[in-house]
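The file coords_10.cif contains mmCIF, C-alpha atoms:
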data_final
loop_
_atom_site.label_atom_id
_atom_site.label_comp_id
_atom_site.auth_asym_id
_atom_site.auth_seq_id
_atom_site.Cartn_x
_atom_site.Cartn_y
_atom_site.Cartn_z
CA MET A 1 15.34 66.52 -39.76
CA ASN A 2 17.81 63.66 -39.21
CA ILE A 3 17.30 60.81 -41.68
CA ASP A 4 19.55 57.76 -41.58
CA PHE A 5 19.35 56.90 -45.26
CA ALA A 6 21.67 53.89 -45.04
CA TYR A 7 19.13 51.72 -43.18
CA ILE A 8 16.29 52.83 -45.43
CA ILE A 9 18.24 52.10 -48.61
CA VAL A 10 19.20 48.64 -47.36
CA ILE A 11 15.65 47.64 -46.40
CA LEU A 12 14.25 48.93 -49.71
CA ALA A 13 16.95 47.04 -51.64
CA LEU A 14 16.14 43.82 -49.78
CA PHE A 15 12.41 44.38 -50.34
CA ALA A 16 13.00 44.87 -54.08
CA LEU A 17 15.11 41.70 -54.26
CA THR A 18 12.36 39.80 -52.45
CA LEU A 19 9.71 40.94 -54.96
CA LEU A 20 11.96 40.13 -57.90
CA ASN A 21 12.68 36.69 -56.48
CA ALA A 22 8.95 36.08 -56.00
CA ARG A 23 8.52 36.46 -59.77
CA ASP A 24 11.52 34.26 -60.54
CA ARG A 25 11.70 31.70 -57.72
CA LYS A 26 14.44 29.56 -59.23
CA ASN A 27 16.91 32.41 -59.60
CA ASN A 28 19.27 32.20 -56.61
CA ASN A 29 21.14 35.34 -57.63
CA TYR A 30 18.64 37.45 -55.71
CA PHE A 31 19.34 35.50 -52.53
CA PHE A 32 23.10 35.82 -52.86
CA ALA A 33 22.77 39.54 -53.57
CA ALA A 34 20.69 39.89 -50.39
CA VAL A 35 23.28 37.92 -48.42
CA VAL A 36 26.10 40.15 -49.67
CA ILE A 37 24.16 43.27 -48.71
CA ALA A 38 23.39 41.86 -45.25
CA PHE A 39 26.98 40.84 -44.60
CA VAL A 40 28.59 44.03 -45.88
CA PHE A 41 26.13 46.20 -43.97
CA THR A 42 26.83 44.29 -40.75
CA ALA A 43 30.55 43.55 -41.03
CA LEU A 44 31.84 46.81 -42.47
CA ARG A 45 30.03 49.20 -40.18
CA ALA A 46 32.02 51.53 -37.96
CA PRO A 47 32.57 50.10 -34.46
CA VAL A 48 30.50 52.93 -32.96
CA VAL A 49 27.32 51.62 -34.64
CA GLY A 50 25.48 49.38 -32.23
CA ALA A 51 25.49 49.38 -28.44
CA ASP A 52 28.41 47.53 -26.82
CA THR A 53 30.28 47.17 -30.12
CA TYR A 54 32.71 50.01 -29.45
CA ASN A 55 33.34 48.59 -25.98
CA TYR A 56 34.21 45.19 -27.44
CA VAL A 57 36.47 46.62 -30.15
CA ARG A 58 38.35 48.96 -27.80
CA PHE A 59 38.84 46.11 -25.35
CA PHE A 60 40.12 43.90 -28.17
CA THR A 61 42.57 46.47 -29.53
CA GLY A 62 43.85 47.35 -26.07
CA GLU A 63 42.48 50.91 -26.04
CA SER A 64 40.56 50.02 -22.89
CA ILE A 65 41.46 47.56 -20.13
CA TYR A 66 37.77 47.09 -19.28
CA TYR A 67 34.79 46.17 -21.41
CA SER A 68 32.43 48.45 -19.48
CA SER A 69 31.63 49.57 -15.95
CA ASP A 70 31.11 45.88 -15.21
CA ARG A 71 34.49 44.78 -13.84
CA ARG A 72 33.73 41.07 -13.82
CA GLU A 73 35.78 38.90 -16.13
CA PHE A 74 34.34 37.68 -19.41
CA GLU A 75 33.18 34.13 -19.85
CA PRO A 76 36.32 31.98 -20.29
CA LEU A 77 35.66 30.87 -23.86
CA PHE A 78 35.19 34.47 -25.00
CA THR A 79 38.45 35.40 -23.27
CA ALA A 80 40.24 32.59 -25.14
CA TYR A 81 38.53 33.62 -28.39
CA ASN A 82 39.76 37.19 -27.99
CA ALA A 83 43.29 36.06 -27.13
CA ILE A 84 43.53 33.93 -30.27
CA LEU A 85 42.11 36.62 -32.55
CA LYS A 86 44.48 39.23 -31.12
CA VAL A 87 47.34 37.16 -32.50
CA LEU A 88 45.72 36.17 -35.78
CA LEU A 89 44.28 39.61 -36.58
CA PHE A 90 47.15 41.75 -35.23
CA LYS A 91 44.68 43.55 -32.93
CA SER A 92 42.91 45.09 -35.93
CA GLY A 93 39.48 46.33 -34.91
CA VAL A 94 38.26 46.25 -38.53
CA LEU A 95 39.23 42.61 -39.03
CA TYR A 96 37.74 41.79 -35.64
CA MET A 97 34.39 43.22 -36.75
CA ILE A 98 34.51 41.26 -40.02
CA VAL A 99 35.39 37.95 -38.38
CA ASN A 100 32.75 38.37 -35.66
CA SER A 101 30.08 39.10 -38.25
CA PHE A 102 31.11 36.16 -40.42
CA LEU A 103 31.11 33.65 -37.54
CA SER A 104 27.82 34.84 -36.07
CA LEU A 105 25.96 35.08 -39.39
CA LEU A 106 27.33 31.92 -41.06
CA PRO A 107 24.97 29.43 -39.31
CA VAL A 108 22.01 31.72 -40.01
CA TYR A 109 22.96 31.69 -43.70
CA VAL A 110 23.22 27.88 -43.72
CA LEU A 111 19.87 27.42 -41.99
CA VAL A 112 18.13 29.83 -44.35
CA LYS A 113 19.74 28.34 -47.44
CA HIS A 114 18.63 24.80 -46.61
CA ASN A 115 15.26 25.44 -44.97
CA ALA A 116 13.56 28.62 -46.19
CA TYR A 117 10.89 28.43 -48.89
CA SER A 118 11.87 31.89 -50.11
CA LYS A 119 15.45 32.52 -49.03
CA THR A 120 15.48 36.18 -50.10
CA LEU A 121 12.33 36.83 -48.08
CA ALA A 122 14.09 35.33 -45.05
CA VAL A 123 16.98 37.81 -45.37
CA PHE A 124 14.55 40.70 -45.79
CA TRP A 125 12.58 39.58 -42.73
CA PHE A 126 15.81 39.24 -40.75
CA PHE A 127 16.45 42.97 -41.16
CA LEU A 128 12.84 44.06 -40.90
CA THR A 129 12.49 42.49 -37.44
CA THR A 130 14.72 43.11 -34.41
CA SER A 131 16.96 40.16 -35.26
CA GLY A 132 19.16 42.09 -37.68
CA MET A 133 19.50 45.02 -35.27
CA LEU A 134 20.58 42.78 -32.40
CA TYR A 135 23.37 41.33 -34.52
CA PHE A 136 24.81 44.86 -34.35
CA VAL A 137 24.76 44.84 -30.57
CA VAL A 138 25.21 41.69 -28.48
CA LEU A 139 28.46 40.11 -29.69
CA ARG A 140 28.98 37.44 -27.04
CA GLN A 141 25.37 36.32 -27.20
CA MET A 142 25.55 36.08 -30.99
CA LEU A 143 28.73 34.00 -30.91
CA SER A 144 27.19 31.75 -28.26
CA LEU A 145 24.02 31.37 -30.33
CA ALA A 146 26.12 30.60 -33.42
CA MET A 147 27.60 27.61 -31.62
CA ILE A 148 24.16 26.31 -30.66
CA LEU A 149 22.90 26.86 -34.21
CA GLY A 150 25.91 24.87 -35.38
CA GLY A 151 24.54 22.03 -33.25
CA VAL A 152 21.12 22.48 -34.86
CA ILE A 153 22.71 22.17 -38.29
CA TYR A 154 24.61 19.07 -37.16
CA ILE A 155 21.37 17.43 -36.01
CA GLN A 156 19.58 18.39 -39.23
CA ARG A 157 22.28 16.66 -41.23
CA ASP A 158 21.77 13.53 -39.10
CA ARG A 159 25.44 13.16 -38.27
CA PRO A 160 26.77 10.53 -35.80
CA TYR A 161 26.20 11.19 -32.09
CA LYS A 162 24.14 14.20 -33.10
CA MET A 163 22.46 14.77 -29.73
CA ALA A 164 25.72 14.42 -27.81
CA VAL A 165 27.42 16.91 -30.14
CA PHE A 166 24.52 19.35 -29.79
CA ILE A 167 24.67 19.20 -25.99
CA LEU A 168 28.46 19.58 -26.03
CA LEU A 169 28.19 22.67 -28.23
CA GLY A 170 25.49 24.02 -25.92
CA VAL A 171 27.76 23.59 -22.90
CA LEU A 172 30.64 25.29 -24.71
CA ALA A 173 28.26 28.08 -25.77
CA TYR A 174 27.53 28.73 -22.08
CA PHE A 175 31.19 29.59 -21.59
CA MET A 176 30.89 32.08 -24.45
CA HIS A 177 27.73 33.70 -23.04
CA THR A 178 25.56 32.48 -20.20
CA SER A 179 22.34 32.89 -22.19
CA ALA A 180 23.00 29.38 -23.50
CA ILE A 181 21.80 28.04 -20.17
CA TYR A 182 18.19 28.63 -21.15
CA VAL A 183 18.53 28.47 -24.96
CA MET A 184 19.85 24.91 -25.27
CA PRO A 185 17.28 23.29 -22.89
CA VAL A 186 14.39 25.02 -24.67
CA TYR A 187 15.72 23.86 -28.04
CA LEU A 188 15.93 20.30 -26.69
CA LEU A 189 12.38 20.42 -25.33
CA CYS A 190 11.10 21.70 -28.66
CA TYR A 191 12.91 18.89 -30.45
CA PHE A 192 11.20 16.16 -28.43
CA ILE A 193 7.76 17.62 -27.65
CA PRO A 194 5.36 17.05 -30.56
CA MET A 195 3.00 19.64 -32.04
CA LYS A 196 0.77 17.88 -34.51
CA HIS A 197 -2.35 20.03 -34.60
CA ARG A 198 -2.68 23.42 -36.21
CA TRP A 199 -4.94 24.77 -33.46
CA VAL A 200 -2.30 24.25 -30.75
CA PRO A 201 0.05 27.16 -31.66
CA ILE A 202 -2.88 29.44 -32.51
CA VAL A 203 -4.54 28.81 -29.13
CA LEU A 204 -1.24 29.22 -27.28
CA ILE A 205 -0.62 32.56 -28.99
CA ALA A 206 -4.13 33.76 -28.14
CA VAL A 207 -3.79 32.68 -24.50
CA SER A 208 -0.37 34.34 -24.20
CA VAL A 209 -1.75 37.62 -25.55
CA VAL A 210 -4.57 37.66 -22.99
CA SER A 211 -2.23 36.55 -20.19
CA GLY A 212 0.34 39.18 -21.16
CA LEU A 213 -2.24 41.95 -21.02
CA ILE A 214 -3.32 40.68 -17.60
CA LEU A 215 0.28 40.54 -16.37
CA LYS A 216 0.57 44.15 -17.50
CA ASN A 217 -1.66 45.05 -14.57
CA LEU A 218 0.36 42.96 -12.11
CA ASP A 219 3.76 43.78 -10.60
CA ILE A 220 6.04 41.87 -12.97
CA MET A 221 9.13 43.36 -11.33
CA LYS A 222 8.27 41.63 -8.04
CA MET A 223 8.21 38.27 -9.79
CA LEU A 224 11.54 38.97 -11.50
CA SER A 225 13.08 40.24 -8.25
CA ALA A 226 11.96 37.06 -6.50
CA TYR A 227 13.87 35.03 -9.08
CA GLU A 228 16.98 37.19 -8.68
CA ALA A 229 16.78 36.80 -4.88
CA MET A 230 17.25 33.06 -5.32
CA GLY A 231 20.85 33.83 -6.29
CA PHE A 232 21.17 31.22 -9.02
CA GLY A 233 24.84 31.78 -9.88
CA ALA A 234 24.70 30.17 -13.31
CA THR A 235 22.48 32.98 -14.59
CA GLU A 236 24.09 35.84 -12.65
CA ARG A 237 25.16 37.68 -15.80
CA LEU A 238 21.63 37.50 -17.18
CA ASP A 239 20.22 39.41 -14.22
CA VAL A 240 21.00 42.65 -16.09
CA TYR A 241 18.10 41.75 -18.39
CA LEU A 242 15.79 41.63 -15.38
CA ASP A 243 17.12 44.73 -13.62
CA GLU A 244 15.95 47.16 -16.30
CA GLU A 245 12.90 49.29 -15.68
CA LEU A 246 9.75 48.20 -17.50
CA VAL A 247 8.92 49.94 -20.75
CA ASP A 248 6.23 52.60 -20.59
CA THR A 249 3.55 50.98 -22.75
CA SER A 250 0.93 53.69 -22.25
CA GLU A 251 1.59 55.00 -25.76
CA PHE A 252 1.90 51.58 -27.39
CA SER A 253 -0.65 50.92 -30.11
CA LEU A 254 -2.67 47.73 -29.87
CA LEU A 255 -1.36 46.72 -33.30
CA GLY A 256 2.19 47.28 -32.09
CA ILE A 257 1.59 44.91 -29.17
CA LEU A 258 -0.19 42.33 -31.33
CA LYS A 259 2.01 42.39 -34.44
CA LYS A 260 4.06 39.33 -33.46
CA SER A 261 0.88 37.44 -32.65
CA ILE A 262 -0.79 38.38 -35.94
CA ILE A 263 2.29 37.26 -37.84
CA GLY A 264 2.48 34.08 -35.78
CA VAL A 265 -1.16 33.16 -36.43
CA PHE A 266 -0.68 33.83 -40.14
CA VAL A 267 2.40 31.59 -40.18
CA TYR A 268 0.76 28.66 -38.37
CA LEU A 269 -2.45 29.02 -40.35
CA TRP A 270 -0.75 28.66 -43.72
CA MET A 271 2.42 26.63 -43.20
CA PRO A 272 2.25 23.12 -44.72
CA GLU A 273 0.96 20.32 -42.54
CA LYS A 274 4.36 18.63 -42.44
CA LYS A 275 5.98 21.80 -41.11
CA LEU A 276 3.70 22.10 -38.05
CA ASN A 277 5.72 19.57 -36.09
CA HIS A 278 9.01 20.87 -37.42
CA TRP A 279 11.64 21.73 -34.82
CA PHE A 280 11.84 25.32 -36.03
CA SER A 281 8.08 25.87 -35.82
CA LYS A 282 8.08 24.94 -32.15
CA ILE A 283 11.09 27.11 -31.33
CA PHE A 284 9.49 30.10 -33.07
CA LEU A 285 6.29 29.52 -31.08
CA VAL A 286 8.25 29.78 -27.82
CA GLY A 287 9.59 33.19 -28.89
CA THR A 288 6.13 34.48 -29.81
CA VAL A 289 4.56 33.30 -26.54
CA LEU A 290 7.37 34.74 -24.38
CA SER A 291 7.18 38.06 -26.24
CA ASN A 292 3.46 38.24 -25.46
CA PHE A 293 3.94 37.44 -21.79
CA PHE A 294 6.73 39.94 -21.16
CA PHE A 295 6.30 42.64 -23.79
CA GLU A 296 6.86 45.31 -21.11
CA MET A 297 10.44 44.19 -20.40
CA GLN A 298 13.00 46.48 -22.03
CA LEU A 299 15.38 43.70 -23.03
CA ILE A 300 12.82 41.06 -23.94
CA ASP A 301 14.04 41.12 -27.56
CA ARG A 302 17.47 39.93 -26.42
CA ILE A 303 15.93 37.14 -24.38
CA VAL A 304 13.67 35.83 -27.15
CA LEU A 305 16.08 36.39 -30.06
CA PRO A 306 17.27 32.74 -30.12
CA PHE A 307 13.64 31.69 -30.65
CA ASP A 308 12.40 34.60 -32.77
CA LEU A 309 15.26 34.04 -35.20
CA PHE A 310 13.58 30.94 -36.59
CA GLY A 311 10.66 33.11 -37.57
CA ILE A 312 12.59 34.33 -40.60
CA ILE A 313 12.36 30.77 -41.93
CA CYS A 314 8.86 29.94 -40.68
CA VAL A 315 7.42 33.07 -42.28
CA THR A 316 8.56 31.84 -45.69
CA TRP A 317 6.77 28.51 -45.17
CA ALA A 318 3.47 30.39 -44.91
CA PHE A 319 3.86 31.46 -48.55
CA GLY A 320 4.20 27.90 -49.81
CA PRO A 321 1.89 25.55 -51.72
CA ARG A 322 -0.82 25.48 -49.03
CA LEU A 323 -1.52 29.19 -49.50
CA HIS A 324 -1.15 29.05 -53.30
CA LYS A 325 -3.74 26.28 -53.55
CA ALA A 326 -6.26 27.86 -51.16
CA GLU A 327 -9.68 29.11 -52.20
CA TYR A 328 -9.40 32.43 -54.02
CA LYS A 329 -11.19 34.54 -51.38
CA ARG A 330 -9.18 33.09 -48.49
CA ARG A 331 -5.96 33.51 -50.45
CA LEU A 332 -6.83 37.10 -51.31
CA VAL A 333 -7.67 37.99 -47.69
CA SER A 334 -4.46 36.35 -46.49
CA TYR A 335 -2.32 38.25 -48.99
CA VAL A 336 -4.00 41.51 -47.99
CA VAL A 337 -3.32 40.82 -44.30
CA ALA A 338 0.28 39.88 -45.07
CA GLY A 339 0.74 42.98 -47.22
CA LEU A 340 -0.71 45.28 -44.55
CA MET A 341 1.49 43.78 -41.84
CA CYS A 342 4.56 44.11 -44.07
CA PHE A 343 3.65 47.73 -44.82
CA TYR A 344 3.09 48.40 -41.10
CA MET A 345 6.48 46.97 -40.17
CA MET A 346 8.27 48.76 -42.99
CA PHE A 347 6.59 52.01 -42.00
CA GLY A 348 7.78 51.48 -38.42
CA TYR A 349 11.27 50.62 -39.64
CA VAL A 350 11.52 53.74 -41.81
CA ARG A 351 10.04 55.93 -39.08
CA SER A 352 12.65 54.67 -36.60
CA ASN A 353 15.34 56.01 -38.93
CA ILE A 354 13.85 59.49 -39.16
CA ASP A 355 14.42 62.06 -36.41
CA TRP A 356 16.36 59.47 -34.42
CA ASP A 357 17.45 60.18 -30.88
CA PRO A 358 21.28 60.56 -30.67
CA THR A 359 21.19 59.51 -27.00
CA ASN A 360 19.32 56.26 -27.66
CA GLU A 361 20.98 53.38 -25.84
CA MET A 362 20.99 51.16 -28.93
CA ARG A 363 23.47 53.60 -30.59
CA MET A 364 22.40 52.63 -34.10
CA HIS A 365 22.48 56.13 -35.61
CA PRO A 366 23.87 57.48 -37.76
CA TYR A 367 25.20 54.54 -39.74
CA TYR A 368 28.86 54.89 -40.74
CA PHE A 369 31.16 52.51 -42.55
CA PHE A 370 34.47 51.79 -40.81
CA PHE A 371 36.42 53.90 -43.32
CA GLN A 372 34.40 57.03 -42.57
CA ASP A 373 35.39 59.59 -39.95
CA TYR A 374 33.28 58.69 -36.93
CA HIS A 375 35.10 60.61 -34.18
CA ASP A 376 32.05 62.83 -33.64
CA HIS A 377 29.52 59.97 -33.59
CA PRO A 378 26.84 60.27 -30.85
CA SER A 379 27.89 56.84 -29.61
CA ILE A 380 31.22 58.38 -28.55
CA LYS A 381 29.87 61.77 -27.57
CA TYR A 382 27.27 60.46 -25.13
CA ASN A 383 28.95 57.29 -23.85
CA PHE A 384 32.71 57.89 -23.77
CA ASP A 385 34.91 60.60 -22.36
#

Show how you would write the structure in this file as structure tokens.
Amino acid sequence: MNIDFAYIIVILALFALTLLNARDRKNNNYFFAAVVIAFVFTALRAPVVGADTYNYVRFFTGESIYYSSDRREFEPLFTAYNAILKVLLFKSGVLYMIVNSFLSLLPVYVLVKHNAYSKTLAVFWFFLTTSGMLYFVVLRQMLSLAMILGGVIYIQRDRPYKMAVFILLGVLAYFMHTSAIYVMPVYLLCYFIPMKHRWVPIVLIAVSVVSGLILKNLDIMKMLSAYEAMGFGATERLDVYLDEELVDTSEFSLLGILKKSIIGVFVYLWMPEKKLNHWFSKIFLVGTVLSNFFFEMQLIDRIVLPFDLFGIICVTWAFGPRLHKAEYKRRLVSYVVAGLMCFYMMFGYVRSNIDWDPTNEMRMHPYYFFFQDYHDHPSIKYNFD
């Protein structure tokens, strides 16, 4: 039996820190310990851990003249970024991994530090959901998102010309990865469209679940192909997300399909009144609704990541004063539901690291640090000559 203990140890350590911090809320040492674990685990991994990572590193160090079978040039800002780092980092793949992780995770750290009710819980949730895994995989998208999140931070701090700076960073992010073309406009819409009633997100989640299950019986691929046929050049690179075959959901459990919705309803039910109209709450809602509509798409997690990411903060708001002051029975039921969902997700997380498939396209297993001998890693064996 193959067991990838590294992932299991990390999630258990973060869970323990979260519980300890819950008993001692004012002690920030737990949060900083969680941040160190998250950064070390991400930045010091071997380049073969995580799909696409080895491609990026080999391209950076000059071991390969192409990133992949896709012979198109990179987005211009990423090309410039690579050229600068080649000089500054002496083409060191290890330093490249560290710098990429630092730049992509830094805005997430800032947002969590200044917005989360329980910062340690936010770090734990980051790894328990797909967000942490995707930070192992999609480098250009993460760097692009980091730029947009920098604009979010700039707006939050109410700096001069905040909207102009945010839009400028969004435009620059597009030249790092074209996903910015849909991320920035959605963020802007969420900023300006109000959401003042608690029933609105709950109803939207319920409607999206029903609609998603209906769409399951329709030919989604025809709709996606129709969009591709329009030939919108600005999103050409994103078409790979739409070209993938749909996931076989015949063996999906109903709870597996509904878990994001259950978590979303819990969050919007218990977050403080003043947080309902918060920018982050609306962005997170977009991610939940899109996930429900297109849960059959293989790469839907990559598409909704920029929106789902804010869930790591919104989830912590649900454990704030509103829940603590609730009637005992309602509070007890809510904690039981939250505990069961956490157990369900942890069980799924642990199970995914037991008897893992060495040919899995995500290439997450086994976890190696960069200083370990990884020449026989399945990522190389099954994807490189």

Hits from the PyMOL selection byres ((chain A and resi 97) around 9), listed as a PyMOL selection string: chain A and resi 42-47+53+57+92-96+98-102

Separation of atom CA of A:Gln372 from atom CA of A:Tyr7, in Å and rounded to one decimal: 16.2 Å

Cut-off 10 Å around (2.3, 23.6, -42.4) with all atoms listed in the file: residues as an MDAnalysis selection string: chainID A and resid 196:198 267:278 281 314 317:318 320:323

Near-A:Gly150 list (8 Å; all atoms listed in the file; drop same-chain fewer than 5 positions) as a list in words: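 Result of the neighbour search: Pro107, Phe166 and Leu169 of chain A.
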
Nearest to A:Gly348, chosen from A:Thr130, A:Thr316, A:Ser261, A:Thr288, with all atoms listed in the file counted in the distances: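 That would be A:Thr130, the residue with the smallest distance to A:Gly348.
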